[in-house]
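Next comes structure_39.cif, with mmCIF, C-alpha atoms.
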data_structure
loop_
_atom_site.label_atom_id
_atom_site.label_comp_id
_atom_site.auth_asym_id
_atom_site.auth_seq_id
_atom_site.Cartn_x
_atom_site.Cartn_y
_atom_site.Cartn_z
CA MET A 1 0.00 0.00 0.00
CA SER A 2 2.83 2.32 -0.93
CA SER A 3 0.78 4.63 -3.15
CA LYS A 4 -0.47 7.85 -1.55
CA SER A 5 -2.58 8.60 -4.59
CA MET A 6 -6.00 7.02 -5.10
CA LEU A 7 -8.52 6.82 -7.92
CA LEU A 8 -12.18 6.60 -6.91
CA VAL A 9 -14.36 4.92 -9.56
CA GLY A 10 -18.13 4.71 -9.18
CA VAL A 11 -19.81 1.76 -10.89
CA PRO A 12 -23.59 2.14 -10.37
CA ALA A 13 -24.59 -1.30 -11.70
CA GLU A 14 -27.64 -3.19 -10.48
CA GLN A 15 -28.36 -5.61 -13.32
CA GLY A 16 -27.09 -8.51 -11.21
CA SER A 17 -30.34 -8.92 -9.28
CA ARG A 18 -34.00 -8.02 -9.50
CA ARG A 19 -33.86 -5.78 -6.43
CA ARG A 20 -33.39 -2.09 -7.13
CA GLY A 21 -31.17 0.27 -5.15
CA CYS A 22 -27.49 -0.66 -5.65
CA LEU A 23 -27.46 1.97 -8.38
CA MET A 24 -27.28 4.55 -5.58
CA GLY A 25 -24.29 2.94 -3.84
CA PRO A 26 -21.46 5.06 -5.27
CA ASP A 27 -23.10 8.40 -4.58
CA ALA A 28 -24.20 7.29 -1.11
CA LEU A 29 -20.59 6.54 -0.16
CA ARG A 30 -19.54 9.89 -1.55
CA THR A 31 -22.24 11.56 0.54
CA ALA A 32 -21.01 9.62 3.59
CA GLY A 33 -17.60 11.23 3.09
CA ILE A 34 -15.37 8.52 1.65
CA LEU A 35 -13.31 11.00 -0.36
CA GLU A 36 -12.86 13.46 2.52
CA MET A 37 -11.93 10.62 4.88
CA LEU A 38 -9.15 9.42 2.56
CA GLU A 39 -7.86 12.96 2.20
CA ARG A 40 -7.75 13.35 6.00
CA LEU A 41 -5.56 10.25 6.09
CA GLY A 42 -3.11 12.00 3.78
CA TYR A 43 -4.05 10.56 0.40
CA GLU A 44 -4.46 12.47 -2.84
CA VAL A 45 -7.80 11.33 -4.24
CA THR A 46 -9.06 11.72 -7.79
CA ASP A 47 -12.76 11.00 -8.27
CA SER A 48 -13.30 9.80 -11.83
CA GLY A 49 -17.09 9.94 -11.49
CA ASN A 50 -19.40 7.08 -12.39
CA LEU A 51 -18.69 4.51 -15.08
CA VAL A 52 -21.90 3.42 -16.78
CA SER A 53 -22.38 0.80 -19.49
CA GLU A 54 -25.15 1.14 -22.05
CA PRO A 55 -28.09 -1.32 -21.77
CA SER A 56 -28.67 -3.61 -24.72
CA ALA A 57 -31.12 -6.23 -25.97
CA ASP A 58 -30.92 -9.30 -23.79
CA ILE A 59 -29.17 -12.51 -24.81
CA PRO A 60 -31.44 -15.57 -24.42
CA HIS A 61 -30.19 -18.55 -22.41
CA SER A 62 -31.47 -22.08 -21.95
CA ASN A 63 -31.96 -21.30 -18.26
CA PRO A 64 -35.10 -19.14 -18.39
CA GLN A 65 -34.28 -17.53 -15.02
CA VAL A 66 -31.14 -15.81 -16.34
CA HIS A 67 -31.72 -12.11 -16.96
CA HIS A 68 -29.66 -9.09 -18.07
CA LEU A 69 -27.01 -11.30 -19.64
CA SER A 70 -26.15 -8.80 -22.36
CA ASP A 71 -25.94 -5.98 -19.80
CA TYR A 72 -23.56 -8.14 -17.76
CA ALA A 73 -21.39 -8.61 -20.85
CA ALA A 74 -21.48 -4.86 -21.55
CA LEU A 75 -20.49 -4.04 -17.95
CA ILE A 76 -17.56 -6.47 -18.05
CA SER A 77 -16.36 -4.97 -21.33
CA LYS A 78 -16.69 -1.39 -20.06
CA LEU A 79 -14.77 -2.09 -16.85
CA ASP A 80 -12.10 -4.09 -18.64
CA GLN A 81 -11.48 -1.25 -21.11
CA PHE A 82 -11.40 1.31 -18.30
CA CYS A 83 -8.93 -0.70 -16.23
CA GLN A 84 -6.66 -1.34 -19.19
CA GLY A 85 -6.59 2.34 -20.09
CA GLU A 86 -6.79 4.18 -16.76
CA ILE A 87 -5.35 1.96 -14.02
CA ASP A 88 -1.62 2.14 -13.38
CA ASP A 89 0.78 2.15 -10.46
CA ARG A 90 0.38 5.90 -9.90
CA HIS A 91 -3.01 5.37 -8.26
CA LEU A 92 -4.57 2.77 -6.00
CA PRO A 93 -8.05 2.20 -7.47
CA ILE A 94 -11.15 1.99 -5.30
CA PHE A 95 -14.24 0.81 -7.20
CA ILE A 96 -17.53 1.59 -5.48
CA GLY A 97 -20.60 -0.29 -6.66
CA GLY A 98 -23.03 -1.32 -7.62
CA ASP A 99 -23.73 -4.99 -7.20
CA HIS A 100 -21.01 -7.64 -7.17
CA CYS A 101 -21.18 -8.10 -10.95
CA ILE A 102 -18.55 -5.35 -11.05
CA ALA A 103 -15.88 -7.80 -9.84
CA ALA A 104 -16.23 -9.80 -13.07
CA GLY A 105 -15.08 -6.77 -15.06
CA ILE A 106 -12.45 -5.48 -12.64
CA LEU A 107 -10.46 -8.55 -11.64
CA PRO A 108 -9.51 -10.08 -15.00
CA ALA A 109 -8.24 -6.66 -16.12
CA LEU A 110 -6.20 -6.24 -12.94
CA ALA A 111 -4.84 -9.78 -13.36
CA ARG A 112 -3.69 -8.91 -16.86
CA LYS A 113 -1.94 -5.81 -15.51
CA SER A 114 -0.24 -7.95 -12.89
CA GLU A 115 0.87 -10.46 -15.52
CA GLN A 116 2.42 -7.67 -17.58
CA GLU A 117 4.51 -6.81 -14.52
CA GLY A 118 5.47 -10.44 -14.00
CA ARG A 119 3.40 -10.68 -10.82
CA GLU A 120 0.55 -12.86 -9.53
CA GLN A 121 -2.93 -11.44 -8.83
CA PHE A 122 -4.45 -12.48 -5.51
CA VAL A 123 -8.01 -11.83 -4.30
CA LEU A 124 -9.42 -11.59 -0.77
CA TRP A 125 -13.15 -12.20 -1.22
CA LEU A 126 -15.12 -10.89 1.79
CA ASP A 127 -18.68 -12.08 1.31
CA ALA A 128 -21.53 -14.09 2.78
CA HIS A 129 -21.70 -15.93 -0.56
CA THR A 130 -19.15 -17.61 -2.78
CA ASP A 131 -20.75 -16.12 -5.94
CA PHE A 132 -19.77 -19.35 -7.67
CA GLN A 133 -22.93 -20.08 -9.65
CA THR A 134 -22.91 -20.83 -13.38
CA LEU A 135 -25.49 -19.68 -15.91
CA GLU A 136 -26.93 -23.20 -15.79
CA SER A 137 -26.92 -23.71 -12.01
CA THR A 138 -28.41 -20.41 -10.84
CA ASP A 139 -32.02 -20.87 -9.77
CA THR A 140 -32.63 -17.14 -9.36
CA GLY A 141 -30.95 -16.05 -12.60
CA ASN A 142 -29.26 -13.24 -10.63
CA LEU A 143 -25.85 -12.73 -12.19
CA HIS A 144 -24.30 -11.12 -9.12
CA GLY A 145 -24.00 -14.73 -7.97
CA THR A 146 -21.61 -15.63 -10.82
CA PRO A 147 -18.55 -13.29 -10.88
CA VAL A 148 -16.11 -15.76 -9.29
CA THR A 149 -17.13 -18.43 -11.81
CA TYR A 150 -16.52 -15.98 -14.63
CA MET A 151 -13.23 -14.54 -13.43
CA ILE A 152 -11.55 -17.96 -13.07
CA GLY A 153 -12.34 -18.62 -16.74
CA ASP A 154 -15.09 -21.21 -16.33
CA PRO A 155 -16.24 -22.37 -19.80
CA SER A 156 -19.94 -22.13 -18.91
CA PHE A 157 -19.91 -18.53 -20.16
CA ASP A 158 -18.52 -19.46 -23.60
CA GLY A 159 -20.74 -18.24 -26.40
CA PHE A 160 -22.50 -15.71 -24.18
CA ILE A 161 -19.78 -13.49 -22.69
CA PRO A 162 -16.22 -13.15 -24.04
CA ALA A 163 -13.66 -15.00 -21.93
CA PRO A 164 -11.81 -12.92 -19.28
CA THR A 165 -8.73 -11.11 -20.55
CA LYS A 166 -6.76 -12.94 -17.85
CA ALA A 167 -8.31 -15.56 -15.62
CA ILE A 168 -7.69 -15.50 -11.87
CA LYS A 169 -6.08 -18.68 -10.54
CA PRO A 170 -8.53 -20.31 -8.09
CA GLU A 171 -5.71 -21.07 -5.65
CA ASN A 172 -5.02 -17.31 -5.48
CA ILE A 173 -8.50 -16.60 -4.07
CA CYS A 174 -9.22 -16.57 -0.33
CA MET A 175 -12.85 -16.28 0.79
CA MET A 176 -13.81 -15.21 4.30
CA GLY A 177 -17.16 -14.79 6.04
CA ILE A 178 -18.95 -17.37 3.87
CA ARG A 179 -22.24 -18.64 5.28
CA SER A 180 -24.56 -19.30 2.30
CA VAL A 181 -23.39 -21.91 -0.24
CA ASP A 182 -25.52 -23.94 -2.65
CA PRO A 183 -24.68 -27.63 -3.25
CA ALA A 184 -23.46 -26.94 -6.81
CA GLU A 185 -21.17 -24.19 -5.52
CA ARG A 186 -19.84 -26.47 -2.78
CA GLU A 187 -18.84 -29.09 -5.33
CA ARG A 188 -17.06 -26.55 -7.56
CA ILE A 189 -15.18 -25.09 -4.59
CA ALA A 190 -13.88 -28.52 -3.64
CA ARG A 191 -12.83 -29.19 -7.23
CA THR A 192 -11.06 -25.87 -7.84
CA GLY A 193 -9.26 -25.56 -4.51
CA ILE A 194 -10.37 -22.03 -3.59
CA ASP A 195 -9.37 -21.26 0.02
CA VAL A 196 -12.66 -20.82 1.92
CA HIS A 197 -13.11 -19.83 5.57
CA ASP A 198 -16.76 -19.90 6.52
CA MET A 199 -18.24 -18.44 9.69
CA ARG A 200 -17.99 -21.80 11.48
CA ALA A 201 -14.21 -21.76 10.99
CA ILE A 202 -13.99 -18.11 12.01
CA ASP A 203 -16.02 -18.79 15.16
CA GLU A 204 -13.74 -21.71 16.07
CA PHE A 205 -10.32 -20.39 15.18
CA GLY A 206 -10.68 -16.62 14.81
CA ILE A 207 -10.32 -14.37 11.82
CA ALA A 208 -6.67 -13.32 12.12
CA PRO A 209 -4.77 -16.63 11.64
CA PRO A 210 -6.19 -17.58 8.20
CA LEU A 211 -5.91 -13.98 7.02
CA ARG A 212 -2.25 -13.79 8.04
CA ARG A 213 -1.53 -17.12 6.31
CA PHE A 214 -3.04 -15.78 3.10
CA ILE A 215 -1.12 -12.50 3.40
CA ASP A 216 2.09 -14.50 3.84
CA ARG A 217 1.33 -16.35 0.60
CA VAL A 218 0.82 -13.07 -1.24
CA ARG A 219 4.06 -11.68 0.16
CA ARG A 220 6.11 -14.76 -0.73
CA ALA A 221 4.80 -14.60 -4.31
CA ASN A 222 5.43 -10.83 -4.58
CA GLY A 223 1.77 -10.68 -5.53
CA ARG A 224 -0.74 -7.90 -5.99
CA LEU A 225 -3.71 -8.09 -3.61
CA HIS A 226 -7.24 -7.01 -4.46
CA VAL A 227 -9.84 -6.81 -1.70
CA SER A 228 -13.43 -7.42 -2.79
CA LEU A 229 -15.82 -6.30 -0.04
CA ASP A 230 -19.47 -7.33 -0.35
CA ILE A 231 -21.53 -5.53 2.29
CA ASP A 232 -23.38 -8.75 3.16
CA PHE A 233 -20.05 -10.00 4.56
CA LEU A 234 -21.06 -7.98 7.61
CA ASP A 235 -23.77 -9.07 10.00
CA PRO A 236 -27.08 -7.40 9.01
CA GLU A 237 -27.47 -6.21 12.59
CA ILE A 238 -24.69 -3.70 11.94
CA ALA A 239 -25.07 -3.33 8.14
CA PRO A 240 -28.72 -3.57 7.05
CA ALA A 241 -28.32 -1.86 3.67
CA VAL A 242 -27.99 -4.97 1.52
CA GLY A 243 -30.55 -6.96 -0.46
CA THR A 244 -29.05 -10.40 0.28
CA THR A 245 -28.77 -10.44 4.07
CA VAL A 246 -27.60 -13.59 5.83
CA THR A 247 -27.62 -13.67 9.62
CA GLY A 248 -24.53 -14.57 11.63
CA GLY A 249 -22.02 -12.43 9.76
CA VAL A 250 -18.80 -10.72 10.75
CA ASN A 251 -19.15 -8.28 13.63
CA LEU A 252 -17.80 -4.75 13.93
CA ARG A 253 -14.48 -5.53 15.62
CA GLU A 254 -13.76 -8.54 13.40
CA ALA A 255 -14.33 -6.39 10.32
CA HIS A 256 -12.04 -3.62 11.58
CA LEU A 257 -9.38 -6.17 12.58
CA ILE A 258 -9.33 -7.53 9.03
CA MET A 259 -8.84 -4.05 7.64
CA GLU A 260 -6.14 -3.17 10.17
CA ILE A 261 -4.19 -6.37 9.44
CA LEU A 262 -4.45 -5.67 5.71
CA TYR A 263 -3.13 -2.14 6.20
CA ASP A 264 -0.24 -3.41 8.30
CA SER A 265 0.68 -5.84 5.50
CA GLY A 266 1.22 -3.01 3.01
CA LEU A 267 0.12 -5.37 0.22
CA VAL A 268 -3.31 -4.11 -0.86
CA THR A 269 -3.20 -2.71 -4.40
CA SER A 270 -6.92 -2.31 -5.19
CA LEU A 271 -10.38 -2.47 -3.62
CA ASP A 272 -13.98 -2.87 -4.67
CA ILE A 273 -17.04 -2.29 -2.50
CA ALA A 274 -20.21 -4.01 -3.67
CA GLU A 275 -23.89 -4.58 -2.88
CA LEU A 276 -24.51 -1.43 -0.85
CA ASN A 277 -28.21 -0.62 -1.23
CA PRO A 278 -28.85 2.78 0.41
CA PHE A 279 -32.60 2.33 -0.13
CA LEU A 280 -32.48 -0.30 2.63
CA ASP A 281 -30.29 1.66 5.04
CA ASP A 282 -31.16 3.13 8.41
CA ARG A 283 -30.29 6.85 8.30
CA GLY A 284 -27.01 6.18 6.53
CA ARG A 285 -25.82 3.75 9.18
CA THR A 286 -24.32 1.20 6.76
CA CYS A 287 -22.75 3.86 4.56
CA LYS A 288 -20.96 5.39 7.54
CA LEU A 289 -19.78 1.97 8.70
CA VAL A 290 -18.32 1.19 5.26
CA VAL A 291 -16.46 4.51 5.21
CA ASN A 292 -15.03 3.72 8.65
CA LEU A 293 -13.91 0.27 7.48
CA VAL A 294 -12.20 1.78 4.46
CA ALA A 295 -10.51 4.22 6.85
CA SER A 296 -9.13 1.25 8.82
CA LEU A 297 -7.96 -0.39 5.59
CA PHE A 298 -5.96 2.71 4.71
CA GLY A 299 -4.40 3.58 8.03
CA GLN A 300 -6.83 4.87 10.63
CA ARG A 301 -5.86 3.30 13.95
CA VAL A 302 -8.01 2.39 16.94
CA LEU A 303 -6.26 5.13 18.94
CA ASP A 304 -7.36 7.66 16.31
CA THR A 305 -11.06 6.91 16.78
CA LYS A 306 -12.99 9.80 18.29
CA THR A 307 -15.71 9.40 20.90
CA ARG A 308 -19.12 10.46 19.59
CA SER A 309 -21.59 12.26 21.79
CA ILE A 310 -25.10 10.85 21.95
#
Reformat the file's structure so that it appears as structure tokens.
Amino acid sequence: MSSKSMLLVGVPAEQGSRRRGCLMGPDALRTAGILEMLERLGYEVTDSGNLVSEPSADIPHSNPQVHHLSDYAALISKLDQFCQGEIDDRHLPIFIGGDHCIAAGILPALARKSEQEGREQFVLWLDAHTDFQTLESTDTGNLHGTPVTYMIGDPSFDGFIPAPTKAIKPENICMMGIRSVDPAERERIARTGIDVHDMRAIDEFGIAPPLRRFIDRVRRANGRLHVSLDIDFLDPEIAPAVGTTVTGGVNLREAHLIMEILYDSGLVTSLDIAELNPFLDDRGRTCKLVVNLVASLFGQRVLDTKTRSI
């Protein structure tokens, strides 16, 4: 995390589900002060505005539940082109969504950039879900449940969406906070070897040891580390503004500890924040929490936290 210059990129996409509201995510985080917070921590921040892909006529699929497939393809293409043209080592990019479809466009492009530098791309996936559905297996047809499948280069997308510019190696993905997995996803996880730490494991062994082991792997490989933060990673009691809530999530201190350990590692090279639905929030409570977590990720310490009057 050597860069003191950051690029804020809004991606107001919500085609991944049938629930409206994620479109407002980027501007809600801006309103909650994400840019000003980063500047207070000493970073130079450039806000590139919102990146929007044009809607197009849908692509039919044999699974009748699948929807917005052409819009998914257009979003992936738009993000890939943006990352190839605008992302470089001068800025640390922070992508604010938008639903988790955005990861399918961001990560292959970042992996290609890493490959050009002779480095490995690693991903810390913080989520209640593995997002490891295929177009055939999804029973909801919601494509925000498929980005991991796409970004590892699974052939189930062939003929519908162009293959990723550079696939992410499954063994370079670490998932934490998982607590909702379908049987088809469970089988694919076992087959691909993705490193998964569900909430049972976190409850038993804590959140720091597996995170530090993953960070050590990234460091030994001289890798680049992307953090993908889905808001439903957090327990809905503290973060209600998400359309796919699953009880029993990560609590406030666990979430901050993750961010603090990541900052201490100095390895984070990019971030995306997904699935924030301000329409479901309680007076901006989730938005403020996310901004505070990002502050911890980029250097705010526990001793810097101010007491708030009631």
Atomic separation - CA of Val242 (chain A) relative to CA of Glu185 (chain A), Å
21.6 Å
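Rounded to one decimal, CA of Gly25 (chain A) and CA of Ile96 (chain A) lie 7.1 Å from each other.
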Residues selected by the PyMOL selection byres ((chain A and resi 79) around 10), written as a PyMOL selection string
chain A and resi 11+51-53+74-78+80-85+102-109
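Minimum atom-to-atom distances from A:Leu110, A:Leu257, A:Leu92, A:Ala274 to Trp125 (chain A) were compared using only C-alpha atoms, and the lowest value belongs to A:Ala274.
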Please indicate the distance in Å from CA of Leu234 (chain A) to CA of Asp198 (chain A), rounded to one decimal place.
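Separation of CA of Leu234 (chain A) and CA of Asp198 (chain A): 12.7 Å.
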Picked residues, the PyMOL selection byres ((chain A and resi 214) around 12), as number ranges by chain
A: 122-125, 171-176, 194-197, 207-213, 215-221, 223, 225, 258, 261-262, 265, 267
Spatial neighbours of Ser296 (chain A), 12 Å, all atoms listed in the file, chain gap at least 3 places, as a tab-separated table (two decimals) with C-alpha atoms, in the frame of the given file:
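Final output, selection_33.tsv:
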chain	number	residue	atom	x	y	z
A	34	ILE	CA	-15.37	8.52	1.65
A	37	MET	CA	-11.93	10.62	4.88
A	38	LEU	CA	-9.15	9.42	2.56
A	41	LEU	CA	-5.56	10.25	6.09
A	252	LEU	CA	-17.80	-4.75	13.93
A	253	ARG	CA	-14.48	-5.53	15.62
A	254	GLU	CA	-13.76	-8.54	13.40
A	255	ALA	CA	-14.33	-6.39	10.32
A	256	HIS	CA	-12.04	-3.62	11.58
A	257	LEU	CA	-9.38	-6.17	12.58
A	258	ILE	CA	-9.33	-7.53	9.03
A	259	MET	CA	-8.84	-4.05	7.64
A	260	GLU	CA	-6.14	-3.17	10.17
A	261	ILE	CA	-4.19	-6.37	9.44
A	262	LEU	CA	-4.45	-5.67	5.71
A	263	TYR	CA	-3.13	-2.14	6.20
A	264	ASP	CA	-0.24	-3.41	8.30
A	289	LEU	CA	-19.78	1.97	8.70
A	290	VAL	CA	-18.32	1.19	5.26
A	291	VAL	CA	-16.46	4.51	5.21
A	292	ASN	CA	-15.03	3.72	8.65
A	293	LEU	CA	-13.91	0.27	7.48
A	299	GLY	CA	-4.40	3.58	8.03
A	300	GLN	CA	-6.83	4.87	10.63
A	301	ARG	CA	-5.86	3.30	13.95
A	302	VAL	CA	-8.01	2.39	16.94
A	303	LEU	CA	-6.26	5.13	18.94
A	304	ASP	CA	-7.36	7.66	16.31
A	305	THR	CA	-11.06	6.91	16.78
Shell of 8 Å around Asp232 (chain A), all atoms listed in the file, local chain residues under 2 positions omitted, as an MDAnalysis selection string
chainID A and resid 127:128 230 234:236 239 242 244:246 249 275
Identify which of the residues A:Val294, A:Met151, A:Val9, A:Arg119 lies closest to Glu36 (chain A), counting all atoms listed in the file when measuring atom-to-atom distances.
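Of all the options, A:Val294 lies closest to Glu36 (chain A).
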Could you spell out the hits of the PyMOL selection byres ((chain A and resi 48) around 9) on the shown file, as an MDAnalysis selection string?
chainID A and resid 7:10 46:47 49:51
Go ahead and dump the residues you just picked, C-alpha atoms, as an mmCIF file, in the frame of the given file.
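What ended up in out21.cif:
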data_model
loop_
_atom_site.group_PDB
_atom_site.id
_atom_site.type_symbol
_atom_site.label_atom_id
_atom_site.label_comp_id
_atom_site.auth_asym_id
_atom_site.auth_seq_id
_atom_site.Cartn_x
_atom_site.Cartn_y
_atom_site.Cartn_z
ATOM 1 C CA LEU A 7 -8.520 6.820 -7.920
ATOM 2 C CA LEU A 8 -12.180 6.600 -6.910
ATOM 3 C CA VAL A 9 -14.360 4.920 -9.560
ATOM 4 C CA GLY A 10 -18.130 4.710 -9.180
ATOM 5 C CA THR A 46 -9.060 11.720 -7.790
ATOM 6 C CA ASP A 47 -12.760 11.000 -8.270
ATOM 7 C CA GLY A 49 -17.090 9.940 -11.490
ATOM 8 C CA ASN A 50 -19.400 7.080 -12.390
ATOM 9 C CA LEU A 51 -18.690 4.510 -15.080
#
Minimum-distance residue to Asp182 (chain A), chosen among A:Thr138, A:Ser156, A:Ser56, A:Asn222 (using all atoms listed in the file)
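Answer, going by the shortest atom-to-atom distance: A:Thr138.
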Measuring between all atoms listed in the file, which one of A:Glu86, A:Asp71, A:Asp27, A:Glu136 shows the shortest distance to Pro55 (chain A)?
A:Asp71
Residue contacts of Gly159 (chain A) (12 Å, only C-alpha atoms) excluding same-chain residues fewer than 6 positions away, as an MDAnalysis selection string:
chainID A and resid 59:61 69:70 73 135
Within 7 Å of (-27.6, -5.8, -12.1) (coordinates as in the file), grab all the protein and nucleic acid residues, counting only C-alpha atoms, and write them out as a VMD selection string.
chain A and resid 13 to 17 99 101 144
Between A:His129, A:Phe160, A:Asp89, A:Ser228, which is the closest to Ser62 (chain A) once you count all atoms listed in the file?
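Closest candidate: A:Phe160.
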Which of these, A:Thr31, A:Gly42, A:Glu204, A:Gln133, has the shortest distance to Glu187 (chain A) once you count only C-alpha atoms?
A:Gln133
Hey, could you patch up region 209-217 of chain A with all heavy atoms and hand it over as a tab-separated table (two decimals), keeping the file's coordinate frame?
chain	number	residue	atom	x	y	z
A	209	PRO	N	-5.74	-15.63	12.13
A	209	PRO	CA	-4.77	-16.63	11.64
A	209	PRO	C	-4.91	-16.97	10.15
A	209	PRO	O	-3.89	-16.95	9.43
A	209	PRO	CB	-5.03	-17.84	12.54
A	209	PRO	CG	-5.57	-17.26	13.81
A	209	PRO	CD	-6.41	-16.11	13.35
A	210	PRO	N	-6.12	-17.27	9.63
A	210	PRO	CA	-6.19	-17.58	8.20
A	210	PRO	C	-5.87	-16.38	7.32
A	210	PRO	O	-5.30	-16.53	6.24
A	210	PRO	CB	-7.64	-18.04	7.99
A	210	PRO	CG	-8.40	-17.50	9.14
A	210	PRO	CD	-7.44	-17.46	10.28
A	211	LEU	N	-6.23	-15.18	7.78
A	211	LEU	CA	-5.91	-13.98	7.02
A	211	LEU	C	-4.41	-13.78	6.94
A	211	LEU	O	-3.86	-13.49	5.86
A	211	LEU	CB	-6.58	-12.76	7.64
A	211	LEU	CG	-6.28	-11.41	6.98
A	211	LEU	CD1	-6.72	-11.42	5.51
A	211	LEU	CD2	-6.97	-10.27	7.73
A	212	ARG	N	-3.72	-13.98	8.04
A	212	ARG	CA	-2.25	-13.79	8.04
A	212	ARG	C	-1.57	-14.86	7.18
A	212	ARG	O	-0.57	-14.57	6.51
A	212	ARG	CB	-1.73	-13.82	9.47
A	212	ARG	CG	-2.11	-12.56	10.26
A	212	ARG	CD	-1.26	-12.40	11.51
A	212	ARG	NE	-1.43	-11.07	12.07
A	212	ARG	CZ	-2.15	-10.79	13.17
A	212	ARG	NH1	-2.76	-11.78	13.82
A	212	ARG	NH2	-2.25	-9.56	13.62
A	213	ARG	N	-2.11	-16.09	7.17
A	213	ARG	CA	-1.53	-17.12	6.31
A	213	ARG	C	-1.67	-16.74	4.84
A	213	ARG	O	-0.74	-16.93	4.04
A	213	ARG	CB	-2.21	-18.47	6.58
A	213	ARG	CG	-1.81	-19.12	7.89
A	213	ARG	CD	-2.20	-20.58	7.94
A	213	ARG	NE	-3.64	-20.79	7.83
A	213	ARG	CZ	-4.45	-20.84	8.88
A	213	ARG	NH1	-3.97	-20.68	10.11
A	213	ARG	NH2	-5.74	-21.05	8.72
A	214	PHE	N	-2.82	-16.20	4.49
A	214	PHE	CA	-3.04	-15.78	3.10
A	214	PHE	C	-2.13	-14.61	2.74
A	214	PHE	O	-1.51	-14.60	1.67
A	214	PHE	CB	-4.51	-15.39	2.89
A	214	PHE	CG	-4.84	-14.94	1.49
A	214	PHE	CD1	-4.70	-15.81	0.42
A	214	PHE	CD2	-5.30	-13.65	1.25
A	214	PHE	CE1	-5.00	-15.40	-0.87
A	214	PHE	CE2	-5.60	-13.24	-0.03
A	214	PHE	CZ	-5.46	-14.11	-1.09
A	215	ILE	N	-2.01	-13.65	3.63
A	215	ILE	CA	-1.12	-12.50	3.40
A	215	ILE	C	0.32	-12.98	3.21
A	215	ILE	O	1.04	-12.48	2.33
A	215	ILE	CB	-1.24	-11.50	4.56
A	215	ILE	CG1	-2.56	-10.74	4.47
A	215	ILE	CG2	-0.05	-10.54	4.58
A	215	ILE	CD1	-2.86	-9.88	5.69
A	216	ASP	N	0.73	-13.96	3.98
A	216	ASP	CA	2.09	-14.50	3.84
A	216	ASP	C	2.28	-15.12	2.45
A	216	ASP	O	3.36	-14.98	1.85
A	216	ASP	CB	2.37	-15.54	4.92
A	216	ASP	CG	2.59	-14.92	6.29
A	216	ASP	OD1	2.83	-13.70	6.36
A	216	ASP	OD2	2.50	-15.65	7.29
A	217	ARG	N	1.26	-15.78	1.95
A	217	ARG	CA	1.33	-16.35	0.60
A	217	ARG	C	1.50	-15.25	-0.44
A	217	ARG	O	2.30	-15.39	-1.38
A	217	ARG	CB	0.08	-17.15	0.28
A	217	ARG	CG	0.00	-18.53	0.92
A	217	ARG	CD	-1.18	-19.30	0.36
A	217	ARG	NE	-1.10	-19.35	-1.09
A	217	ARG	CZ	-2.16	-19.29	-1.90
A	217	ARG	NH1	-3.38	-19.13	-1.40
A	217	ARG	NH2	-2.00	-19.37	-3.19
